[in-house]
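Text of the file final_35.txt, holding compact mmCIF, C-alpha atoms and all ligand atoms:
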# COMPACT_ATOMS: atom_id res chain seq x y z
CA MET A 20 -81.70 -11.68 -34.38
CA HIS A 21 -78.29 -12.93 -35.35
CA ALA A 22 -76.40 -15.79 -33.72
CA ARG A 23 -74.60 -15.49 -30.37
CA LYS A 24 -72.38 -18.45 -31.09
CA VAL A 25 -71.13 -19.77 -34.43
CA THR A 26 -68.91 -22.71 -35.33
CA ALA A 27 -67.02 -22.75 -38.63
CA ILE A 28 -64.58 -25.17 -40.19
CA ALA A 29 -61.72 -24.53 -42.59
CA TYR A 30 -58.99 -26.65 -44.11
CA PRO A 31 -55.29 -25.81 -44.32
CA ASN A 32 -53.90 -25.48 -47.82
CA ILE A 33 -50.66 -26.47 -49.50
CA ALA A 34 -49.16 -24.04 -51.99
CA LEU A 35 -47.95 -25.39 -55.33
CA VAL A 36 -46.69 -21.92 -56.27
CA LYS A 37 -45.58 -20.34 -53.02
CA TYR A 38 -46.31 -16.96 -51.50
CA TRP A 39 -43.06 -15.59 -50.05
CA GLY A 40 -42.62 -11.89 -49.31
CA ASN A 41 -45.09 -8.99 -49.12
CA ARG A 42 -45.40 -5.81 -51.12
CA ASP A 43 -47.29 -4.43 -48.10
CA HIS A 44 -46.46 -6.09 -44.78
CA THR A 45 -49.26 -4.51 -42.73
CA LEU A 46 -51.95 -5.48 -45.24
CA ARG A 47 -50.22 -8.77 -46.09
CA LEU A 48 -50.48 -8.03 -49.79
CA PRO A 49 -48.21 -10.58 -51.47
CA SER A 50 -45.19 -9.90 -53.66
CA ASN A 51 -46.36 -12.66 -56.00
CA ASP A 52 -49.46 -14.64 -57.03
CA SER A 53 -49.78 -18.18 -55.67
CA LEU A 54 -51.68 -21.43 -56.27
CA SER A 55 -52.74 -24.04 -53.73
CA PHE A 56 -55.20 -26.76 -52.87
CA ASN A 57 -57.10 -27.24 -49.65
CA LEU A 58 -56.34 -30.25 -47.47
CA GLY A 59 -59.80 -31.69 -46.88
CA ASP A 60 -58.81 -34.42 -44.40
CA LEU A 61 -57.20 -31.97 -41.97
CA ARG A 62 -59.36 -29.34 -40.37
CA THR A 63 -59.67 -26.49 -37.93
CA THR A 64 -62.99 -26.12 -36.11
CA THR A 65 -63.48 -22.72 -34.50
CA THR A 66 -66.33 -21.50 -32.33
CA VAL A 67 -66.80 -17.78 -31.67
CA GLU A 68 -69.23 -16.82 -28.94
CA ILE A 69 -70.30 -13.30 -28.02
CA ASP A 70 -70.37 -13.16 -24.22
CA PRO A 71 -71.24 -9.79 -22.61
CA SER A 72 -70.09 -11.11 -19.20
CA LEU A 73 -66.45 -11.36 -20.34
CA SER A 74 -64.06 -8.53 -19.45
CA HIS A 75 -61.60 -9.57 -22.16
CA ASP A 76 -61.53 -11.95 -25.13
CA GLU A 77 -60.77 -15.55 -24.26
CA VAL A 78 -58.86 -17.71 -26.72
CA THR A 79 -58.41 -21.46 -26.38
CA LEU A 80 -56.33 -23.38 -28.95
CA ASP A 81 -56.37 -27.16 -28.85
CA GLY A 82 -57.61 -27.11 -25.25
CA ARG A 83 -55.07 -24.56 -23.96
CA THR A 84 -55.86 -20.97 -23.06
CA ILE A 85 -53.32 -18.89 -24.92
CA GLY A 86 -51.69 -15.56 -24.08
CA GLY A 87 -48.81 -13.47 -25.43
CA ALA A 88 -48.24 -12.72 -29.10
CA ALA A 89 -50.51 -15.52 -30.41
CA TYR A 90 -53.39 -14.17 -28.26
CA GLU A 91 -52.77 -10.58 -29.41
CA ARG A 92 -52.81 -11.69 -33.05
CA VAL A 93 -56.27 -13.27 -32.61
CA VAL A 94 -57.65 -10.28 -30.65
CA HIS A 95 -56.30 -7.87 -33.26
CA HIS A 96 -58.11 -9.91 -35.92
CA LEU A 97 -61.38 -9.76 -33.95
CA ASP A 98 -60.91 -5.99 -33.59
CA ARG A 99 -60.39 -5.47 -37.30
CA ILE A 100 -63.48 -7.54 -38.21
CA VAL A 101 -65.58 -5.62 -35.68
CA ASP A 102 -64.13 -2.33 -36.98
CA SER A 103 -65.13 -3.29 -40.50
CA VAL A 104 -68.80 -3.49 -39.41
CA CYS A 105 -68.94 -1.07 -36.45
CA ALA A 106 -71.07 1.38 -38.43
CA THR A 107 -73.89 -1.16 -38.58
CA GLN A 108 -73.37 -2.98 -35.28
CA GLU A 109 -74.09 -2.16 -31.66
CA VAL A 110 -70.46 -3.04 -30.98
CA ASN A 111 -67.50 -0.82 -31.70
CA GLY A 112 -63.75 -1.15 -31.73
CA ARG A 113 -63.15 0.35 -28.32
CA SER A 114 -65.90 -1.07 -26.18
CA ARG A 115 -67.07 -4.01 -28.16
CA THR A 116 -68.59 -7.05 -26.49
CA ARG A 117 -65.89 -9.58 -25.80
CA MET A 118 -65.76 -12.96 -27.46
CA ARG A 119 -64.82 -16.48 -26.50
CA VAL A 120 -62.85 -18.22 -29.24
CA THR A 121 -62.31 -21.96 -29.09
CA SER A 122 -60.31 -23.61 -31.85
CA ILE A 123 -59.36 -27.23 -32.41
CA ASN A 124 -57.03 -28.67 -35.05
CA THR A 125 -56.94 -32.28 -36.19
CA PHE A 126 -53.22 -31.90 -37.01
CA PRO A 127 -50.08 -30.52 -35.28
CA MET A 128 -49.62 -26.72 -35.29
CA GLY A 129 -46.55 -24.76 -36.35
CA VAL A 130 -44.70 -27.56 -38.13
CA GLY A 131 -45.13 -26.54 -41.75
CA ILE A 132 -48.79 -27.51 -42.09
CA ALA A 133 -50.65 -24.28 -42.49
CA SER A 134 -52.52 -24.14 -39.18
CA SER A 135 -52.54 -20.34 -39.35
CA ALA A 136 -54.26 -20.54 -42.77
CA SER A 137 -57.14 -22.76 -41.64
CA GLY A 138 -57.15 -21.04 -38.23
CA PHE A 139 -57.63 -17.52 -39.55
CA ALA A 140 -60.05 -18.70 -42.27
CA ALA A 141 -62.31 -20.43 -39.73
CA LEU A 142 -61.95 -17.53 -37.27
CA THR A 143 -62.89 -14.98 -39.94
CA LEU A 144 -65.95 -16.91 -41.12
CA ALA A 145 -67.20 -17.65 -37.58
CA THR A 146 -66.66 -14.05 -36.41
CA CYS A 147 -68.32 -12.45 -39.45
CA THR A 148 -71.30 -14.80 -39.07
CA VAL A 149 -71.69 -14.19 -35.33
CA LEU A 150 -71.66 -10.44 -36.02
CA GLY A 151 -74.44 -10.85 -38.58
CA MET A 152 -72.26 -9.83 -41.52
CA LYS A 153 -72.94 -11.27 -44.94
CA PRO A 154 -69.65 -10.81 -46.76
CA SER A 155 -69.03 -12.15 -50.26
CA GLU A 156 -66.45 -14.92 -50.64
CA ALA A 157 -63.93 -12.36 -51.89
CA GLU A 158 -64.55 -10.09 -48.89
CA LEU A 159 -64.14 -13.02 -46.49
CA SER A 160 -60.95 -14.06 -48.25
CA SER A 161 -59.58 -10.49 -47.99
CA LEU A 162 -60.40 -10.30 -44.29
CA ALA A 163 -58.81 -13.71 -43.61
CA ARG A 164 -55.67 -12.53 -45.43
CA LEU A 165 -55.16 -9.78 -42.84
CA GLY A 166 -54.78 -12.47 -40.14
CA SER A 167 -52.41 -14.68 -42.10
CA GLY A 168 -51.68 -14.23 -45.80
CA SER A 169 -52.27 -17.81 -46.92
CA ALA A 170 -55.55 -17.92 -44.91
CA CYS A 171 -57.21 -16.15 -47.85
CA ARG A 172 -56.68 -19.36 -49.86
CA SER A 173 -58.53 -21.48 -47.25
CA ILE A 174 -61.83 -19.61 -47.79
CA PRO A 175 -62.65 -20.84 -51.33
CA GLY A 176 -62.67 -24.59 -52.03
CA GLY A 177 -60.58 -26.97 -54.14
CA PHE A 178 -57.74 -25.65 -56.27
CA VAL A 179 -57.24 -21.98 -55.47
CA SER A 180 -55.50 -18.95 -56.94
CA TRP A 181 -54.53 -15.92 -54.83
CA HIS A 182 -54.01 -12.74 -56.81
CA ASP A 183 -53.38 -9.56 -54.82
CA SER A 184 -56.08 -9.07 -52.17
CA PHE A 185 -58.19 -12.25 -52.32
CA ALA A 186 -58.29 -15.83 -53.56
CA ILE A 187 -60.71 -17.70 -55.84
CA THR A 188 -61.36 -21.31 -56.86
CA ILE A 189 -59.91 -22.26 -60.24
CA ALA A 190 -61.11 -25.89 -60.11
CA PRO A 191 -63.35 -27.73 -57.62
CA ALA A 192 -61.98 -30.33 -55.20
CA GLN A 193 -63.28 -33.22 -57.38
CA HIS A 194 -61.30 -31.96 -60.39
CA TRP A 195 -58.16 -34.01 -59.64
CA ASN A 196 -57.56 -36.76 -57.06
CA LEU A 197 -54.31 -35.38 -55.70
CA MET A 198 -53.05 -36.31 -52.25
CA ASP A 199 -50.67 -34.52 -49.92
CA VAL A 200 -48.65 -37.07 -47.93
CA ILE A 201 -46.80 -35.12 -45.26
CA ALA A 202 -43.63 -36.55 -43.78
CA ILE A 203 -43.39 -35.20 -40.25
CA ILE A 204 -39.78 -35.17 -39.16
CA SER A 205 -40.15 -32.73 -36.31
CA ASN A 206 -43.02 -31.73 -34.07
CA GLU A 207 -41.03 -28.77 -32.74
CA HIS A 208 -42.51 -25.34 -33.35
CA LYS A 209 -40.71 -23.70 -36.26
CA THR A 210 -37.91 -21.38 -35.20
CA VAL A 211 -38.57 -18.58 -37.71
CA SER A 212 -42.25 -17.84 -38.38
CA SER A 213 -43.48 -17.32 -41.93
CA THR A 214 -44.35 -13.72 -40.97
CA GLU A 215 -40.67 -13.13 -40.13
CA GLY A 216 -39.65 -14.99 -43.31
CA HIS A 217 -41.83 -12.74 -45.49
CA ALA A 218 -40.29 -9.67 -43.84
CA LEU A 219 -36.77 -10.91 -44.66
CA ALA A 220 -37.46 -12.05 -48.23
CA GLU A 221 -36.38 -8.75 -49.80
CA THR A 222 -32.97 -8.98 -48.14
CA SER A 223 -32.14 -11.88 -50.47
CA PRO A 224 -30.67 -10.87 -53.84
CA LEU A 225 -32.59 -13.84 -55.30
CA GLN A 226 -36.05 -12.55 -54.38
CA ALA A 227 -36.30 -10.06 -57.27
CA ALA A 228 -35.50 -12.79 -59.81
CA ARG A 229 -37.99 -15.13 -58.13
CA ILE A 230 -40.76 -12.52 -58.33
CA THR A 231 -39.97 -11.66 -61.97
CA ASP A 232 -40.23 -15.36 -62.88
CA THR A 233 -43.51 -15.96 -61.00
CA SER A 234 -45.90 -15.45 -63.93
CA ARG A 235 -44.08 -18.22 -65.84
CA ARG A 236 -44.27 -20.71 -62.95
CA TYR A 237 -47.85 -19.69 -62.15
CA GLU A 238 -49.02 -20.29 -65.73
CA LEU A 239 -47.20 -23.64 -66.02
CA CYS A 240 -48.72 -24.76 -62.73
CA ARG A 241 -52.21 -23.50 -63.58
CA GLN A 242 -52.13 -25.37 -66.89
CA ALA A 243 -50.80 -28.54 -65.24
CA ILE A 244 -53.74 -28.39 -62.79
CA MET A 245 -56.34 -27.69 -65.47
CA ASN A 246 -54.98 -30.55 -67.67
CA CYS A 247 -54.32 -32.91 -64.71
CA ASP A 248 -50.78 -33.25 -66.11
CA PHE A 249 -48.70 -34.70 -63.28
CA ALA A 250 -45.30 -34.62 -65.04
CA ALA A 251 -45.70 -30.89 -65.75
CA LEU A 252 -46.94 -30.27 -62.21
CA ALA A 253 -43.97 -32.07 -60.63
CA GLU A 254 -41.43 -30.02 -62.53
CA VAL A 255 -42.85 -26.62 -61.64
CA VAL A 256 -43.83 -27.46 -58.03
CA GLU A 257 -40.32 -28.61 -57.14
CA GLN A 258 -38.67 -25.66 -58.83
CA ASP A 259 -41.01 -23.24 -57.09
CA ALA A 260 -40.41 -24.73 -53.62
CA LEU A 261 -36.65 -24.72 -54.15
CA MET A 262 -36.77 -21.08 -55.28
CA MET A 263 -38.68 -20.07 -52.14
CA HIS A 264 -36.18 -21.88 -49.92
CA ALA A 265 -33.24 -20.45 -51.89
CA VAL A 266 -34.59 -17.00 -51.01
CA ALA A 267 -35.03 -17.94 -47.35
CA MET A 268 -31.55 -19.48 -47.18
CA THR A 269 -29.96 -16.38 -48.72
CA SER A 270 -31.92 -13.82 -46.70
CA GLN A 271 -30.06 -11.74 -44.14
CA PRO A 272 -30.14 -13.27 -41.59
CA SER A 273 -30.33 -16.60 -43.37
CA ILE A 274 -33.20 -19.00 -42.65
CA ILE A 275 -32.66 -22.71 -43.16
CA TYR A 276 -35.91 -24.55 -42.55
CA TRP A 277 -34.55 -27.94 -43.63
CA ALA A 278 -33.14 -30.75 -41.54
CA SER A 279 -30.90 -33.48 -42.95
CA THR A 280 -33.91 -35.81 -43.26
CA THR A 281 -35.65 -33.16 -45.41
CA LEU A 282 -32.94 -33.48 -48.04
CA ASN A 283 -32.98 -37.29 -47.87
CA ILE A 284 -36.71 -37.26 -48.59
CA LEU A 285 -36.28 -34.94 -51.58
CA SER A 286 -33.83 -37.46 -53.13
CA ALA A 287 -36.11 -40.39 -52.33
CA VAL A 288 -39.12 -38.64 -53.92
CA ARG A 289 -37.17 -38.00 -57.12
CA GLU A 290 -35.94 -41.60 -57.21
CA LEU A 291 -39.49 -42.89 -56.79
CA ARG A 292 -40.75 -40.60 -59.55
CA GLU A 293 -37.98 -41.77 -61.86
CA SER A 294 -39.23 -45.33 -61.26
CA GLY A 295 -42.64 -44.24 -62.65
CA VAL A 296 -44.57 -43.22 -59.50
CA PRO A 297 -46.39 -39.86 -59.84
CA VAL A 298 -45.01 -38.05 -56.79
CA THR A 299 -43.40 -34.65 -56.23
CA PHE A 300 -42.36 -32.58 -53.23
CA THR A 301 -42.90 -29.15 -51.76
CA ILE A 302 -41.86 -27.67 -48.40
CA ASP A 303 -43.40 -24.83 -46.39
CA ALA A 304 -41.76 -22.85 -43.58
CA GLY A 305 -40.57 -25.90 -41.68
CA PRO A 306 -38.55 -29.10 -42.15
CA ASN A 307 -41.46 -31.42 -43.04
CA VAL A 308 -41.89 -32.52 -46.63
CA HIS A 309 -45.24 -32.45 -48.45
CA CYS A 310 -45.23 -35.28 -51.00
CA ILE A 311 -47.89 -34.54 -53.59
CA CYS A 312 -49.04 -37.60 -55.49
CA GLU A 313 -51.91 -39.05 -57.46
CA GLN A 314 -54.23 -41.15 -55.35
CA HIS A 315 -53.20 -44.47 -56.91
CA ALA A 316 -49.58 -43.82 -55.80
CA LEU A 317 -50.51 -43.30 -52.15
CA LYS A 318 -49.42 -46.72 -50.89
CA GLN A 319 -45.98 -46.56 -52.50
CA VAL A 320 -45.36 -43.01 -51.28
CA LYS A 321 -46.30 -43.91 -47.69
CA GLN A 322 -44.16 -47.05 -47.80
CA MET A 323 -41.19 -45.02 -49.02
CA LEU A 324 -41.64 -42.43 -46.25
CA TRP A 325 -42.07 -44.94 -43.41
CA GLN A 326 -38.79 -46.59 -44.44
CA MET A 327 -36.83 -43.36 -44.02
CA SER A 328 -34.98 -42.81 -40.79
CA GLY A 329 -35.98 -39.54 -39.13
CA VAL A 330 -39.64 -39.69 -40.22
CA ILE A 331 -41.72 -39.71 -37.04
CA ASP A 332 -45.19 -39.53 -38.57
CA VAL A 333 -46.94 -39.51 -41.93
CA ILE A 334 -50.15 -37.51 -42.38
CA GLN A 335 -52.24 -37.68 -45.54
CA SER A 336 -54.98 -35.60 -47.07
CA GLY A 337 -56.96 -35.34 -50.27
CA VAL A 338 -58.25 -32.11 -51.80
CA GLY A 339 -60.85 -30.26 -49.70
CA GLY A 340 -63.73 -27.86 -50.09
CA PRO A 341 -64.31 -24.31 -48.86
CA ALA A 342 -64.59 -22.96 -45.32
CA SER A 343 -68.13 -23.39 -44.00
CA VAL A 344 -70.37 -22.70 -41.03
CA ILE A 345 -71.45 -25.93 -39.33
CA ALA A 346 -73.45 -24.76 -36.29
CA GLN A 347 -74.99 -21.68 -34.73
CA SER A 348 -77.04 -20.81 -31.67
CA HIS A 349 -79.06 -17.69 -30.87
CA GLY A 350 -79.90 -17.72 -27.16
CA SER A 351 -77.88 -17.66 -23.96
CA HIS A 352 -78.86 -21.28 -23.19
CA ASP A 353 -77.34 -23.96 -25.36
CA ASP A 354 -79.67 -24.15 -28.34
CA THR A 355 -76.89 -24.88 -30.81
CA GLN A 356 -78.27 -25.93 -34.18
CA GLN A 357 -76.23 -27.98 -36.58
CA VAL A 358 -76.55 -26.36 -39.95
CA THR A 359 -75.96 -27.90 -43.32
CA PRO A 360 -72.46 -26.61 -44.05
CA PHE A 361 -72.77 -23.47 -46.12
CA HIS A 362 -70.28 -21.18 -47.66
CA ILE A 363 -70.48 -18.05 -49.68
CA SER A 364 -71.68 -18.80 -53.17
CA PRO A 365 -69.12 -18.08 -55.91
CA LYS A 366 -71.79 -15.93 -57.62
CA ASP A 367 -71.45 -13.51 -54.68
CA ARG A 368 -67.82 -12.91 -55.54
CA VAL A 369 -66.98 -9.32 -56.24
O1 LIG A 401 -49.62 -17.24 -44.65
P1 LIG A 401 -48.27 -17.31 -44.03
O2 LIG A 401 -47.79 -16.01 -43.54
O3 LIG A 401 -48.20 -18.39 -42.97
O4 LIG A 401 -47.22 -17.74 -45.17
C1 LIG A 401 -47.25 -18.96 -45.85
C2 LIG A 401 -45.91 -19.23 -46.45
C3 LIG A 401 -45.73 -20.59 -47.09
O5 LIG A 401 -46.53 -21.57 -46.48
C4 LIG A 401 -44.28 -21.01 -46.96
C5 LIG A 401 -46.03 -20.53 -48.59
C6 LIG A 401 -47.49 -20.51 -48.99
O6 LIG A 401 -47.78 -19.94 -50.04
O7 LIG A 401 -48.33 -21.08 -48.28
Show me the file's structure as structure tokens.
Amino acid sequence: MHARKVTAIAYPNIALVKYWGNRDHTLRLPSNDSLSFNLGDLRTTTTVEIDPSLSHDEVTLDGRTIGGAAYERVVHHLDRIVDSVCATQEVNGRSRTRMRVTSINTFPMGVGIASSASGFAALTLATCTVLGMKPSEAELSSLARLGSGSACRSIPGGFVSWHDSFAITIAPAQHWNLMDVIAIISNEHKTVSSTEGHALAETSPLQAARITDTSRRYELCRQAIMNCDFAALAEVVEQDALMMHAVAMTSQPSIIYWASTTLNILSAVRELRESGVPVTFTIDAGPNVHCICEQHALKQVKQMLWQMSGVIDVIQSGVGGPASVIAQSHGSHDDTQQVTPFHISPKDRV
């Protein structure tokens, strides 16, 4: 008998070589390879419960029942996971048993920290487990990708590479003590979603050049990670982020994710690095700045950020592990068992 209720955790990830644009929008197959690390001090915890008494799926995010497009996106993801196993399950796409999804983040959503990445990674793992599936890590990563592209990178742990349909670990979390110190300058939900941004990427004349150059940036970044070479990392991470934003800014219509404080932080990060502190910046689809530094530089980076006007919060995280299942229960009464966190073994990768 498989579980009726499963809780999984996943961490958001920060891309060092960014994914921007799809070669297939429906399948969220990326236009370019990317590299990231998981943010182990920020987490999404998602419980998926099969409840035959429900007439429709119920989705609660950070204590609020959600509806509209966000709800449809989650339900569509549940449908596609069920569809992928309907041949072997008593459920099927049309009349499947409904599920109750409860998800909690330890960080703000929709502000350039990848809540959709950790959200869809945790949702995928919890849903597959509650349905009794035993996917490989690569299969889980591929399924998570269909919910949100970068979610595929939140399935494996540590430093992660996403090539085409799924992502794999290239170095474990302990490999390098990097920190992501995130300067929050706005808690407003981003105005243009990353999904919309990906769809517009090809309208920029710069996107083709960015894609052609990806293998160079990817290799420089991969080597910098493997050699723990911060100076090399800083150079390629900043260039990559600026190239992604140059594409967004020159898309039609144009997307400018930055605020004036964003630019001030970029200058301050470079000044600090020139003074000998190992720190660099990257920016996702929002105005907040991710300052990547070595652990010993943490205090100086935080001090610098708190001194800047326009910074309303500073969130920090080290490198994190893979998505894992933390609890499951089998009966209708609450017999939830905490389980030692497990994840799919890398040897199961396809
Ligand atoms: O996975 P999405 O659709 O939220 O896209 C992520 C886009 C960026 O965060 C800007 C870049 C990346 O590679 O994570």
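Counting all atoms listed in the file and comparing A:Ala145, A:Val296, A:Ala304, A:Leu46, the residue that lies closest to ligand LIG 401 (chain A) is A:Ala304.
In this comparison, which uses all atoms listed in the file, the residue of A:Asn307, A:Thr231, A:Ser336, A:Thr63 approaching ligand LIG 401 (chain A) most closely is A:Asn307.
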May I have the residues at most 9 Å from (-60.7, -21.3, -42.2) in the file's coordinates, counting all atoms listed in the file, as a PDB file with C-alpha atoms, in the coordinates of the input?
ATOM      1  CA  ALA A  27     -67.020 -22.750 -38.630  1.00  0.00           C
ATOM      2  CA  ILE A  28     -64.580 -25.170 -40.190  1.00  0.00           C
ATOM      3  CA  ALA A  29     -61.720 -24.530 -42.590  1.00  0.00           C
ATOM      4  CA  TYR A  30     -58.990 -26.650 -44.110  1.00  0.00           C
ATOM      5  CA  PRO A  31     -55.290 -25.810 -44.320  1.00  0.00           C
ATOM      6  CA  ARG A  62     -59.360 -29.340 -40.370  1.00  0.00           C
ATOM      7  CA  THR A  63     -59.670 -26.490 -37.930  1.00  0.00           C
ATOM      8  CA  THR A  64     -62.990 -26.120 -36.110  1.00  0.00           C
ATOM      9  CA  THR A  65     -63.480 -22.720 -34.500  1.00  0.00           C
ATOM     10  CA  SER A 135     -52.540 -20.340 -39.350  1.00  0.00           C
ATOM     11  CA  ALA A 136     -54.260 -20.540 -42.770  1.00  0.00           C
ATOM     12  CA  SER A 137     -57.140 -22.760 -41.640  1.00  0.00           C
ATOM     13  CA  GLY A 138     -57.150 -21.040 -38.230  1.00  0.00           C
ATOM     14  CA  PHE A 139     -57.630 -17.520 -39.550  1.00  0.00           C
ATOM     15  CA  ALA A 140     -60.050 -18.700 -42.270  1.00  0.00           C
ATOM     16  CA  ALA A 141     -62.310 -20.430 -39.730  1.00  0.00           C
ATOM     17  CA  LEU A 142     -61.950 -17.530 -37.270  1.00  0.00           C
ATOM     18  CA  THR A 143     -62.890 -14.980 -39.940  1.00  0.00           C
ATOM     19  CA  LEU A 144     -65.950 -16.910 -41.120  1.00  0.00           C
ATOM     20  CA  ALA A 145     -67.200 -17.650 -37.580  1.00  0.00           C
ATOM     21  CA  ALA A 163     -58.810 -13.710 -43.610  1.00  0.00           C
ATOM     22  CA  ALA A 170     -55.550 -17.920 -44.910  1.00  0.00           C
ATOM     23  CA  CYS A 171     -57.210 -16.150 -47.850  1.00  0.00           C
ATOM     24  CA  ARG A 172     -56.680 -19.360 -49.860  1.00  0.00           C
ATOM     25  CA  SER A 173     -58.530 -21.480 -47.250  1.00  0.00           C
ATOM     26  CA  ILE A 174     -61.830 -19.610 -47.790  1.00  0.00           C
ATOM     27  CA  PRO A 341     -64.310 -24.310 -48.860  1.00  0.00           C
ATOM     28  CA  ALA A 342     -64.590 -22.960 -45.320  1.00  0.00           C
ATOM     29  CA  SER A 343     -68.130 -23.390 -44.000  1.00  0.00           C
TER      30      SER A 343
END
Chain A near ligand LIG 401 (chain A) within 9 Å: what's each residue's closest atom pair and its distance in Å to one decimal, counting only C-alpha atoms and all ligand atoms, ordered by chain then ascending residue number, as a tab-separated table?
residue	atom	partner	partner_atom	distance
A:Asn32	CA	A:LIG401	O7	7.1
A:Ile33	CA	A:LIG401	O7	6.0
A:Ala34	CA	A:LIG401	O6	4.7
A:Leu35	CA	A:LIG401	O6	7.6
A:Val36	CA	A:LIG401	O6	6.6
A:Lys37	CA	A:LIG401	O6	3.7
A:Tyr38	CA	A:LIG401	O6	3.6
A:Trp39	CA	A:LIG401	C2	5.9
A:Gly40	CA	A:LIG401	O4	8.5
A:Arg47	CA	A:LIG401	O2	8.1
A:Asp52	CA	A:LIG401	O6	8.9
A:Ser53	CA	A:LIG401	O6	6.2
A:Leu54	CA	A:LIG401	O6	7.5
A:Ser55	CA	A:LIG401	O6	7.4
A:Gly131	CA	A:LIG401	O5	7.0
A:Ile132	CA	A:LIG401	O5	7.7
A:Ala133	CA	A:LIG401	O5	6.3
A:Ser134	CA	A:LIG401	O3	8.1
A:Ser135	CA	A:LIG401	O3	6.0
A:Ala136	CA	A:LIG401	O1	6.0
A:Arg164	CA	A:LIG401	O1	7.7
A:Gly166	CA	A:LIG401	O1	8.3
A:Ser167	CA	A:LIG401	O1	4.6
A:Gly168	CA	A:LIG401	O1	3.8
A:Ser169	CA	A:LIG401	O1	3.5
A:Ala170	CA	A:LIG401	O1	6.0
A:Cys171	CA	A:LIG401	O1	8.3
A:Arg172	CA	A:LIG401	O7	8.7
A:Ser212	CA	A:LIG401	O3	7.5
A:Ser213	CA	A:LIG401	O2	4.8
A:Thr214	CA	A:LIG401	O2	4.9
A:Glu215	CA	A:LIG401	O2	8.4
A:Gly216	CA	A:LIG401	C2	8.2
A:His217	CA	A:LIG401	O2	7.1
A:Ala260	CA	A:LIG401	C4	8.6
A:Met263	CA	A:LIG401	C4	7.7
A:His264	CA	A:LIG401	C4	8.7
A:Ile302	CA	A:LIG401	C4	7.2
A:Asp303	CA	A:LIG401	C4	4.0
A:Ala304	CA	A:LIG401	C4	4.6
A:Gly305	CA	A:LIG401	C4	8.1
Next on the checklist: Need the shell around Ser50 (chain A): protein/DNA/RNA residues with any atom at most 10 Å away, counting all atoms listed in the file. Skip same-chain ones fewer than 5 positions apart. Format as a PyMOL selection string?
Outcome noted: chain A and resi 38-44+182-183+217+220-221+226-227+229-231+233
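For Ile334 (chain A), the list of residues within 12 Å, based on all atoms listed in the file and with local chain neighbours fewer than 3 positions off taken out, reads Leu58, Asp60, Leu61, Thr125, Phe126, Pro127, Ile132, Met198, Asp199, Val200, Ile201, Ala202, Ile203, Ile204, Asn307, Val308, His309, Cys310, Ile311, Leu317, Val320, Lys321, Leu324, Trp325, Val330, Ile331 and Gly337 of chain A.
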